[in-house]
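Since the structure comes first, as structure tokens, the remarks are kept for the end.
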Amino acid sequence: MRRSRPRPIGLVSDQRETMSSQPHIVLPWVVRRTRLPLLSLRCVDCRSASATTGDGRFRVNANGNLLDVWLLVRCVSCDRTSKLTVRERAPVGSVEPAELDGYHANDPELVASRLLDPLLARRHRFTLDWRGAWQLDTASEGHGPVWPARVRVAFEDPVPVRPERLIAHGLGLSRSEVLRRTRCDVSLRRRTSVGFSFTVTARV
């Protein structure tokens with residue numbers, strides 16, 4: 001009968017030490033929208049570069065069997081109203097009844113969905129200004145993190161953040177500490193709006 005070779009004691013000890021140093025709890029963080037972002041959009045009257053959807057309103061126009069839908073935005077400086085084309089010369093039958101009802105009712109979720117649609121931004125050549133429009137919800141209950149800290153970040157809306165800044169804010173660390181102690185599955189310095197995970201090691 002063939003006997004298995006015993007593992008060296010030192011190797012077993014090292015493996016146990018490595019396993020014990022790994023975080024057992026993954027903390028959930030969520031990036032949430034607190035309001036609709038502003039639009040970086042040049043006003044044709046006052047040349048201000050910021051606009052808002054305000055309370056969120058659509059304008060719907062039916063011409064025979066064709067439908068036009070616009071999302072209304074206004075300049076934050078002079079209040080000039082502009083129209084962003086959402087539907088153009090669309091056959092009425094191609095629009096779901098619930099969607100059409102949402103346009104007429106200025107449904108807030110439909111406003112958000114259309115504003116955050118990258119195709120709309122590309123068509124009208126604007127970007128979204130998320131400053132002050134989001135918050136980070138952490139799993140903290142008033143206690144400091146236990147090192148090493150393992151965290152999974154989820155996004156409810158496509159808020160672009162730099163992971164190094166988000167981690168520094170969430171854990172109360174300096175950005176230099178974050179860069180030195182963090183292992184992450186995305187670039188720490190490149191903006192992302194897609195969920196990611198990271199581990200922050202203990203202070204040396």
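How things are named: the first chain in the structure tokens is A, the next is B, and so on; residues count from 1 in each chain; ligands count from 1 in the order shown.
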Write out as a VMD selection string which residues come within 10 Å of A:Thr81 when counting only C-alpha atoms, dropping same-chain ones fewer than 6 positions away.
-> chain A and resid 43 51 to 53 72 to 75
Just list the residues in stretch 39-190 of chain A DSSP gives strand (DSSP E) on the backbone, as a VMD selection string.
-> chain A and resid 39 to 40 51 to 63 66 to 75 81 to 91 127 to 129 134 to 137 149 to 155 182 to 184
Could the residues in this selection be written to a file with C-alpha atoms, as a PDB file, in the first residue's frame?
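Contents of again.pdb, freshly written:
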```
ATOM      1  CA  LEU A  39     -25.996  68.147 -17.410  1.00  0.00           C
ATOM      2  CA  SER A  40     -22.820  69.709 -18.723  1.00  0.00           C
ATOM      3  CA  ALA A  51     -28.465  72.514 -17.103  1.00  0.00           C
ATOM      4  CA  THR A  52     -30.978  70.632 -14.961  1.00  0.00           C
ATOM      5  CA  THR A  53     -34.043  68.479 -15.522  1.00  0.00           C
ATOM      6  CA  GLY A  54     -35.696  70.147 -12.509  1.00  0.00           C
ATOM      7  CA  ASP A  55     -38.736  68.130 -11.425  1.00  0.00           C
ATOM      8  CA  GLY A  56     -38.512  66.113 -14.636  1.00  0.00           C
ATOM      9  CA  ARG A  57     -40.892  66.798 -17.503  1.00  0.00           C
ATOM     10  CA  PHE A  58     -41.518  65.330 -20.936  1.00  0.00           C
ATOM     11  CA  ARG A  59     -43.246  66.976 -23.864  1.00  0.00           C
ATOM     12  CA  VAL A  60     -45.206  64.665 -26.141  1.00  0.00           C
ATOM     13  CA  ASN A  61     -46.465  65.557 -29.605  1.00  0.00           C
ATOM     14  CA  ALA A  62     -48.523  63.234 -31.785  1.00  0.00           C
ATOM     15  CA  ASN A  63     -48.809  63.970 -35.487  1.00  0.00           C
ATOM     16  CA  LEU A  66     -46.141  59.479 -35.533  1.00  0.00           C
ATOM     17  CA  LEU A  67     -44.907  60.455 -32.096  1.00  0.00           C
ATOM     18  CA  ASP A  68     -42.240  62.874 -30.868  1.00  0.00           C
ATOM     19  CA  VAL A  69     -41.085  62.909 -27.244  1.00  0.00           C
ATOM     20  CA  TRP A  70     -38.655  65.370 -25.678  1.00  0.00           C
ATOM     21  CA  LEU A  71     -37.111  65.602 -22.216  1.00  0.00           C
ATOM     22  CA  LEU A  72     -37.141  69.213 -21.036  1.00  0.00           C
ATOM     23  CA  VAL A  73     -34.062  70.712 -19.382  1.00  0.00           C
ATOM     24  CA  ARG A  74     -33.391  74.272 -18.289  1.00  0.00           C
ATOM     25  CA  CYS A  75     -30.246  76.335 -17.899  1.00  0.00           C
ATOM     26  CA  THR A  81     -35.683  75.661 -21.544  1.00  0.00           C
ATOM     27  CA  SER A  82     -34.264  73.242 -24.118  1.00  0.00           C
ATOM     28  CA  LYS A  83     -35.604  69.982 -25.512  1.00  0.00           C
ATOM     29  CA  LEU A  84     -33.664  66.728 -25.697  1.00  0.00           C
ATOM     30  CA  THR A  85     -35.113  64.356 -28.269  1.00  0.00           C
ATOM     31  CA  VAL A  86     -36.123  61.026 -26.716  1.00  0.00           C
ATOM     32  CA  ARG A  87     -38.368  59.727 -29.520  1.00  0.00           C
ATOM     33  CA  GLU A  88     -38.477  61.209 -33.011  1.00  0.00           C
ATOM     34  CA  ARG A  89     -41.139  60.431 -35.619  1.00  0.00           C
ATOM     35  CA  ALA A  90     -41.772  57.091 -33.943  1.00  0.00           C
ATOM     36  CA  PRO A  91     -44.845  55.084 -35.014  1.00  0.00           C
ATOM     37  CA  THR A 127     -22.014  64.699 -20.022  1.00  0.00           C
ATOM     38  CA  LEU A 128     -23.478  64.210 -16.564  1.00  0.00           C
ATOM     39  CA  ASP A 129     -22.227  66.180 -13.577  1.00  0.00           C
ATOM     40  CA  TRP A 134     -24.776  60.565  -4.862  1.00  0.00           C
ATOM     41  CA  GLN A 135     -23.806  58.997  -1.567  1.00  0.00           C
ATOM     42  CA  LEU A 136     -21.884  55.949  -0.374  1.00  0.00           C
ATOM     43  CA  ASP A 137     -23.721  53.581   1.970  1.00  0.00           C
ATOM     44  CA  ALA A 149     -10.985  44.562   5.262  1.00  0.00           C
ATOM     45  CA  ARG A 150     -12.700  42.929   2.286  1.00  0.00           C
ATOM     46  CA  VAL A 151     -15.386  44.996   0.533  1.00  0.00           C
ATOM     47  CA  ARG A 152     -17.670  44.535  -2.478  1.00  0.00           C
ATOM     48  CA  VAL A 153     -18.926  47.760  -4.073  1.00  0.00           C
ATOM     49  CA  ALA A 154     -22.218  47.834  -6.008  1.00  0.00           C
ATOM     50  CA  PHE A 155     -23.706  50.690  -8.044  1.00  0.00           C
ATOM     51  CA  THR A 182      -5.211  48.029  -1.270  1.00  0.00           C
ATOM     52  CA  ARG A 183      -5.549  45.092  -3.643  1.00  0.00           C
ATOM     53  CA  CYS A 184      -8.380  45.733  -6.088  1.00  0.00           C
TER      54      CYS A 184
END
```
Counting only C-alpha atoms, closest pick from A:Val161, A:Arg191, A:Thr138, A:Arg181 relative to A:Val30 is A:Thr138
Residue neighbourhood A:Glu177, 12 Å, only C-alpha atoms, exclusion window fewer than 6 positions, as a ChimeraX atom specification | /A:164-165,167-169,171,183,200-204
Could you write out, as a ChimeraX atom specification, all the residues of stretch 86-197 of chain A that DSSP marks as helix (DSSP H, G or I)?
-> /A:92-94,97-105,108-115,118-124,163-171,175-181
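Shortest atom-to-atom contact with A:Val146 among A:Thr199, A:Thr192, A:Ser113, A:Ser176: A:Thr199, counting only C-alpha atoms.
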Straight-line distance linking atom CA of A:Leu188 with atom CA of A:Pro163, stated in Å to one decimal |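 Separating atom CA of A:Leu188 from atom CA of A:Pro163 is a distance of 4.9 Å.
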So which residues touch A:Asp117 within 10 Å, counting only C-alpha atoms, skipping near sequence neighbours fewer than 5 positions away, as a PyMOL selection string?
-> chain A and resi 86+112+122+158
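Our summary of the geometry notes that atom CA of A:Arg180 is positioned 14.3 Å from atom CA of A:Trp147.
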Using only C-alpha atoms, which residue out of A:Asp79, A:Asp157, A:Asp185, A:Glu99 lies closest to A:Thr34?
-> A:Asp157
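Of the residues listed (A:Trp130, A:Gly64, A:Phe198, A:Pro148), A:Trp130 shows the shortest atom-to-atom separation from A:Val31; distances use only C-alpha atoms.
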